[in-house]
file structure30.cif (mmCIF, C-alpha atoms)
data_my_file
loop_
_atom_site.label_atom_id
_atom_site.label_comp_id
_atom_site.auth_asym_id
_atom_site.auth_seq_id
_atom_site.Cartn_x
_atom_site.Cartn_y
_atom_site.Cartn_z
CA MET C 1 -12.92 1.18 -25.74
CA PHE C 2 -9.10 1.24 -25.68
CA LYS C 3 -9.18 1.79 -21.91
CA ASN C 4 -11.34 -1.34 -21.49
CA THR C 5 -8.85 -3.35 -23.54
CA VAL C 6 -5.97 -2.18 -21.33
CA GLN C 7 -7.95 -2.92 -18.15
CA ASP C 8 -8.78 -6.44 -19.40
CA LEU C 9 -5.12 -7.14 -20.23
CA LEU C 10 -4.07 -5.78 -16.83
CA GLN C 11 -6.63 -7.94 -15.04
CA ASN C 12 -5.44 -11.02 -16.96
CA ALA C 13 -1.85 -10.32 -15.88
CA LEU C 14 -2.90 -9.87 -12.23
CA ASP C 15 -5.00 -13.06 -12.40
CA GLU C 16 -1.91 -14.92 -13.60
CA ARG C 17 0.22 -13.46 -10.78
CA GLN C 18 -1.98 -13.69 -7.66
CA ASP C 19 0.81 -12.21 -5.48
CA LEU C 20 0.52 -8.86 -7.29
CA PHE C 21 -2.35 -6.40 -6.94
CA LEU C 22 -3.38 -3.05 -8.37
CA ILE C 23 -2.96 0.15 -6.39
CA ASP C 24 -3.73 2.71 -9.09
CA PHE C 25 -4.61 2.83 -12.78
CA THR C 26 -4.83 6.08 -14.72
CA MET C 27 -5.12 6.81 -18.40
CA SER C 28 -5.02 10.33 -19.77
CA GLY C 29 -6.69 11.60 -22.94
CA ASP C 30 -3.48 11.16 -24.94
CA ASN C 31 -3.32 7.46 -23.94
CA ALA C 32 -0.60 7.90 -21.33
CA ILE C 33 -1.15 4.83 -19.14
CA LYS C 34 0.18 4.74 -15.57
CA ILE C 35 -0.17 1.59 -13.48
CA VAL C 36 0.95 1.30 -9.85
CA ILE C 37 1.19 -2.21 -8.41
CA ASP C 38 2.15 -3.76 -5.10
CA GLY C 39 2.78 -7.33 -4.06
CA ASP C 40 2.34 -9.54 -1.05
CA ASN C 41 6.13 -10.05 -1.02
CA GLY C 42 7.10 -6.69 -2.47
CA VAL C 43 7.58 -5.81 -6.13
CA LEU C 44 10.68 -6.47 -8.20
CA VAL C 45 11.62 -4.83 -11.49
CA GLU C 46 10.78 -8.15 -13.14
CA ASP C 47 7.23 -7.90 -11.79
CA CYS C 48 6.77 -4.47 -13.38
CA MET C 49 8.22 -5.83 -16.63
CA PHE C 50 5.79 -8.77 -16.51
CA VAL C 51 2.76 -6.46 -16.24
CA SER C 52 4.13 -4.07 -18.85
CA ARG C 53 4.77 -6.85 -21.35
CA ALA C 54 1.38 -8.45 -20.70
CA ILE C 55 -0.23 -5.22 -21.86
CA GLU C 56 2.21 -3.89 -24.45
CA HIS C 57 2.68 -7.15 -26.37
CA ASN C 58 -1.07 -7.56 -26.82
CA ILE C 59 -1.85 -4.13 -28.29
CA ASP C 60 -1.17 -3.23 -31.90
CA ARG C 61 1.02 -0.10 -32.00
CA ASP C 62 -0.17 0.66 -35.53
CA GLU C 63 -3.73 0.87 -34.26
CA HIS C 64 -3.14 2.68 -30.94
CA ASP C 65 -0.54 5.26 -29.96
CA PHE C 66 0.15 5.05 -26.22
CA SER C 67 2.79 5.31 -23.53
CA LEU C 68 2.90 2.81 -20.68
CA GLU C 69 4.45 3.22 -17.25
CA VAL C 70 4.28 0.40 -14.70
CA LEU C 71 5.75 1.07 -11.27
CA SER C 72 5.67 -0.22 -7.75
CA SER C 73 4.19 1.52 -4.76
CA GLY C 74 7.10 3.42 -3.18
CA ALA C 75 8.45 2.99 0.33
CA ALA C 76 7.17 6.41 1.39
CA THR C 77 3.81 6.00 -0.35
CA PRO C 78 0.81 5.80 1.99
CA LEU C 79 -0.80 2.39 2.41
CA ILE C 80 -4.14 2.32 0.62
CA LEU C 81 -5.49 -1.23 0.64
CA PRO C 82 -5.88 -3.50 3.68
CA ARG C 83 -3.89 -6.15 1.79
CA GLN C 84 -0.80 -3.91 1.95
CA TYR C 85 -0.63 -3.97 5.75
CA HIS C 86 0.12 -7.69 6.13
CA LYS C 87 3.66 -7.48 4.77
CA HIS C 88 4.47 -4.65 7.20
CA ILE C 89 3.77 -6.55 10.44
CA GLY C 90 6.68 -5.87 12.78
CA ARG C 91 7.46 -2.48 11.23
CA ASN C 92 6.63 0.96 12.60
CA LEU C 93 3.66 2.79 11.11
CA GLU C 94 2.45 6.35 11.42
CA ILE C 95 -1.34 6.51 11.22
CA LYS C 96 -3.52 9.60 10.98
CA THR C 97 -7.15 8.87 11.83
CA LEU C 98 -10.30 10.58 10.62
CA ASP C 99 -11.03 11.67 14.20
CA GLY C 100 -7.73 13.61 14.37
CA GLN C 101 -5.43 11.20 16.21
CA ASN C 102 -1.81 10.74 15.19
CA LEU C 103 -0.51 7.33 16.23
CA GLU C 104 2.92 5.84 15.78
CA GLY C 105 3.88 2.34 16.78
CA GLU C 106 4.75 -1.17 15.75
CA LEU C 107 2.18 -2.94 13.61
CA THR C 108 1.56 -6.18 15.52
CA ALA C 109 -1.60 -7.57 13.91
CA VAL C 110 -3.92 -7.10 10.95
CA ASN C 111 -7.36 -8.58 10.36
CA ASP C 112 -10.29 -7.85 8.06
CA GLU C 113 -11.55 -4.88 10.12
CA ASP C 114 -8.58 -3.23 11.81
CA VAL C 115 -4.89 -3.00 12.60
CA VAL C 116 -3.18 -3.19 15.99
CA LEU C 117 -0.38 -0.79 16.92
CA LYS C 118 1.81 -1.10 20.04
CA TRP C 119 4.26 1.44 21.43
CA LYS C 120 6.03 2.36 24.66
CA ALA C 121 5.25 5.58 26.53
CA ARG C 122 6.54 7.23 29.70
CA GLU C 123 3.78 8.07 32.20
CA PRO C 124 3.78 9.38 35.76
CA LYS C 125 3.83 6.68 38.44
CA PRO C 126 0.44 6.04 40.05
CA VAL C 127 2.00 6.61 43.46
CA GLY C 128 5.06 8.72 44.18
CA LYS C 129 7.36 10.72 41.97
CA GLY C 130 8.92 9.78 38.66
CA LYS C 131 7.76 8.05 35.54
CA VAL C 132 7.31 4.48 34.47
CA THR C 133 7.43 2.97 30.97
CA VAL C 134 4.15 1.41 29.87
CA VAL C 135 3.19 -0.46 26.73
CA LYS C 136 0.20 1.06 24.95
CA GLN C 137 -1.95 -0.52 22.28
CA ALA C 138 -4.49 0.85 19.82
CA ASN C 139 -6.85 -0.94 17.47
CA VAL C 140 -7.60 1.26 14.47
CA THR C 141 -10.35 0.27 12.06
CA PHE C 142 -9.62 0.60 8.34
CA ASP C 143 -12.59 2.95 7.88
CA ASN C 144 -11.07 5.33 10.48
CA ILE C 145 -7.63 5.52 8.81
CA LYS C 146 -7.10 8.76 6.93
CA GLU C 147 -3.45 8.00 6.06
CA ALA C 148 -0.96 5.32 7.03
CA LYS C 149 2.74 5.34 6.21
CA VAL C 150 5.59 3.02 7.03
CA LYS C 151 8.23 4.78 9.13
CA ILE C 152 11.61 4.15 7.57
CA LYS C 153 14.55 4.02 9.97
CA PHE C 154 18.11 4.64 8.84
#
call {"tool": "encode", "arguments": {"input": "structure30.cif", "output": "structure tokens"}}
result
Amino acid sequence: MFKNTVQDLLQNALDERQDLFLIDFTMSGDNAIKIVIDGDNGVLVEDCMFVSRAIEHNIDRDEHDFSLEVLSSGAATPLILPRQYHKHIGRNLEIKTLDGQNLEGELTAVNDEDVVLKWKAREPKPVGKGKVTVVKQANVTFDNIKEAKVKIKF
């Protein structure tokens, strides 16, 4: 019953802030609540505070003993939801597919079914010696993605 109350308060907060969305919600037996959120434009500390306050200020501490942790999806955290891909257009992704492929390239497009990656590769010339640089492209459907991570460059 307490878990349902927390989920309802969380949903109300996310309904109020349409730019934020839930990545993960866990609640252990000792009422340790962990909420991971992401946003269409990223997540600020203020966004985590907004969600935390929306829950914490509406639960009576005398009635329920709990701990609450609200955090953003980290930079090295794999992308889980299709909605997360849109803000990463133009960045490099590393995608592992269910059929065993490892792809790395620039995310150039996202739609409801798949993502488009482009990268440059060196291949032998069709005629003669040497290599030529070619641009490759792959469309990867969301249901074929095992894991996708943003490649961070320093």
call {"tool": "atom_distance", "arguments": {"input": "structure30.cif", "atom1": "CA of Leu68 (chain C)", "atom2": "CA of Glu16 (chain C)"}}
result
19.7 Å
call {"tool": "closest_residue", "arguments": {"input": "structure30.cif", "among": "C:Ala75, C:Val150, C:Leu10, C:Ile23", "to": "Asp38 (chain C)", "atoms": "all atoms listed in the file"}}
result
C:Ile23
call {"tool": "closest_residue", "arguments": {"input": "structure30.cif", "among": "C:Leu93, C:Val110, C:Ile35, C:Met49", "to": "Lys153 (chain C)", "atoms": "only C-alpha atoms"}}
result
C:Leu93
call {"tool": "residues_near_point", "arguments": {"input": "structure30.cif", "point": "(-6.1, 5.8, 0.6)", "cutoff": "9 Å", "atoms": "all atoms listed in the file", "output": "PyMOL selection string"}}
result
chain C and resi 78-81+145-148
call {"tool": "resolve_selection", "arguments": {"input": "structure30.cif", "expression": "the PyMOL selection byres ((chain C and resi 101-106) around 8)", "output": "VMD selection string"}}
result
chain C and resid 89 to 100 107 to 108 117 to 119
call {"tool": "resolve_selection", "arguments": {"input": "structure30.cif", "expression": "the PyMOL selection byres ((chain C and resi 20) around 8)", "output": "PyMOL selection string"}}
result
chain C and resi 14+17-19+21-22+37-40+43
call {"tool": "atom_distance", "arguments": {"input": "structure30.cif", "atom1": "CA of Ala32 (chain C)", "atom2": "CA of Asp15 (chain C)"}}
result
23.2 Å
call {"tool": "atom_distance", "arguments": {"input": "structure30.cif", "atom1": "CA of Lys120 (chain C)", "atom2": "CA of Lys151 (chain C)"}}
result
15.9 Å
call {"tool": "residues_around", "arguments": {"input": "structure30.cif", "residues": "Val132 (chain C)", "least_positions_apart": "3", "cutoff": "7 Å", "atoms": "all atoms listed in the file", "output": "CSV table (one decimal) with C-alpha atoms, in the frame of the given file"}}
result
chain,number,residue,atom,x,y,z
C,122,ARG,CA,6.5,7.2,29.7
C,123,GLU,CA,3.8,8.1,32.2
C,124,PRO,CA,3.8,9.4,35.8
C,125,LYS,CA,3.8,6.7,38.4
call {"tool": "residues_near_point", "arguments": {"input": "structure30.cif", "point": "(-3.2, 9.5, -19.1)", "cutoff": "12 Å", "atoms": "only C-alpha atoms", "output": "ChimeraX atom specification"}}
result
/C:3,25-35,65-69
call {"tool": "axis_aligned_box", "arguments": {"input": "structure30.cif", "around": "region 128-132 of chain C", "padding_each_side": "3 Å", "output": "JSON"}}
result
{"center_x": 7.0, "center_y": 7.6, "center_z": 39.3, "size_x": 9.9, "size_y": 12.2, "size_z": 15.7}
call {"tool": "residues_around", "arguments": {"input": "structure30.cif", "residues": "Glu56 (chain C)", "least_positions_apart": "4", "cutoff": "9 Å", "atoms": "all atoms listed in the file", "output": "number ranges by chain"}}
result
C: 6, 51-52, 60-61, 68
call {"tool": "write_last_selection", "arguments": {"input": "structure30.cif", "atoms": "C-alpha atoms", "output": "PDB file, in the coordinates of the input"}}
result
ATOM      1  CA  VAL C   6      -5.970  -2.180 -21.330  1.00  0.00           C
ATOM      2  CA  VAL C  51       2.760  -6.460 -16.240  1.00  0.00           C
ATOM      3  CA  SER C  52       4.130  -4.070 -18.850  1.00  0.00           C
ATOM      4  CA  ASP C  60      -1.170  -3.230 -31.900  1.00  0.00           C
ATOM      5  CA  ARG C  61       1.020  -0.100 -32.000  1.00  0.00           C
ATOM      6  CA  LEU C  68       2.900   2.810 -20.680  1.00  0.00           C
TER       7      LEU C  68
END
call {"tool": "closest_residue", "arguments": {"input": "structure30.cif", "among": "C:Val36, C:Asp112, C:Thr77, C:Ala54", "to": "Gln11 (chain C)", "atoms": "all atoms listed in the file"}}
result
C:Ala54
call {"tool": "resolve_selection", "arguments": {"input": "structure30.cif", "expression": "the PyMOL selection byres ((chain C and resi 138) around 8)", "output": "mmCIF file with C-alpha atoms, keeping the file's coordinate frame"}}
result
data_model
loop_
_atom_site.group_PDB
_atom_site.id
_atom_site.type_symbol
_atom_site.label_atom_id
_atom_site.label_comp_id
_atom_site.auth_asym_id
_atom_site.auth_seq_id
_atom_site.Cartn_x
_atom_site.Cartn_y
_atom_site.Cartn_z
ATOM 1 C CA VAL C 116 -3.180 -3.190 15.990
ATOM 2 C CA LEU C 117 -0.380 -0.790 16.920
ATOM 3 C CA LYS C 118 1.810 -1.100 20.040
ATOM 4 C CA LYS C 136 0.200 1.060 24.950
ATOM 5 C CA GLN C 137 -1.950 -0.520 22.280
ATOM 6 C CA ASN C 139 -6.850 -0.940 17.470
ATOM 7 C CA VAL C 140 -7.600 1.260 14.470
#
call {"tool": "build_atoms", "arguments": {"input": "structure30.cif", "residues": "region 57-74 of chain C", "atoms": "N, CA and C atoms", "output": "CSV table (one decimal), keeping the file's coordinate frame"}}
result
chain,number,residue,atom,x,y,z
C,57,HIS,N,2.6,-6.1,-25.3
C,57,HIS,CA,2.7,-7.2,-26.4
C,57,HIS,C,1.3,-7.6,-26.9
C,58,ASN,N,0.3,-7.2,-26.4
C,58,ASN,CA,-1.1,-7.6,-26.8
C,58,ASN,C,-1.9,-6.4,-27.4
C,59,ILE,N,-1.2,-5.3,-27.7
C,59,ILE,CA,-1.8,-4.1,-28.3
C,59,ILE,C,-1.1,-3.8,-29.5
C,60,ASP,N,-1.8,-3.6,-30.6
C,60,ASP,CA,-1.2,-3.2,-31.9
C,60,ASP,C,-0.8,-1.8,-31.9
C,61,ARG,N,0.5,-1.5,-32.0
C,61,ARG,CA,1.0,-0.1,-32.0
C,61,ARG,C,0.6,0.7,-33.2
C,62,ASP,N,0.3,0.0,-34.3
C,62,ASP,CA,-0.2,0.7,-35.5
C,62,ASP,C,-1.6,1.2,-35.4
C,63,GLU,N,-2.3,0.5,-34.5
C,63,GLU,CA,-3.7,0.9,-34.3
C,63,GLU,C,-3.9,1.9,-33.1
C,64,HIS,N,-3.0,1.8,-32.1
C,64,HIS,CA,-3.1,2.7,-30.9
C,64,HIS,C,-1.8,3.3,-30.6
C,65,ASP,N,-1.7,4.6,-30.4
C,65,ASP,CA,-0.5,5.3,-30.0
C,65,ASP,C,-0.7,5.5,-28.5
C,66,PHE,N,0.3,4.9,-27.7
C,66,PHE,CA,0.2,5.0,-26.2
C,66,PHE,C,1.5,5.0,-25.6
C,67,SER,N,1.6,5.5,-24.3
C,67,SER,CA,2.8,5.3,-23.5
C,67,SER,C,2.3,4.5,-22.3
C,68,LEU,N,3.2,3.7,-21.8
C,68,LEU,CA,2.9,2.8,-20.7
C,68,LEU,C,4.0,2.9,-19.6
C,69,GLU,N,3.5,3.2,-18.4
C,69,GLU,CA,4.4,3.2,-17.2
C,69,GLU,C,3.9,2.3,-16.2
C,70,VAL,N,4.7,1.3,-15.8
C,70,VAL,CA,4.3,0.4,-14.7
C,70,VAL,C,5.3,0.6,-13.6
C,71,LEU,N,4.8,0.9,-12.4
C,71,LEU,CA,5.8,1.1,-11.3
C,71,LEU,C,5.2,0.5,-10.0
C,72,SER,N,6.1,0.3,-9.0
C,72,SER,CA,5.7,-0.2,-7.8
C,72,SER,C,5.3,0.9,-6.8
C,73,SER,N,4.5,0.6,-5.8
C,73,SER,CA,4.2,1.5,-4.8
C,73,SER,C,5.5,1.8,-4.0
C,74,GLY,N,5.8,3.1,-3.8
C,74,GLY,CA,7.1,3.4,-3.2
C,74,GLY,C,7.1,3.2,-1.7
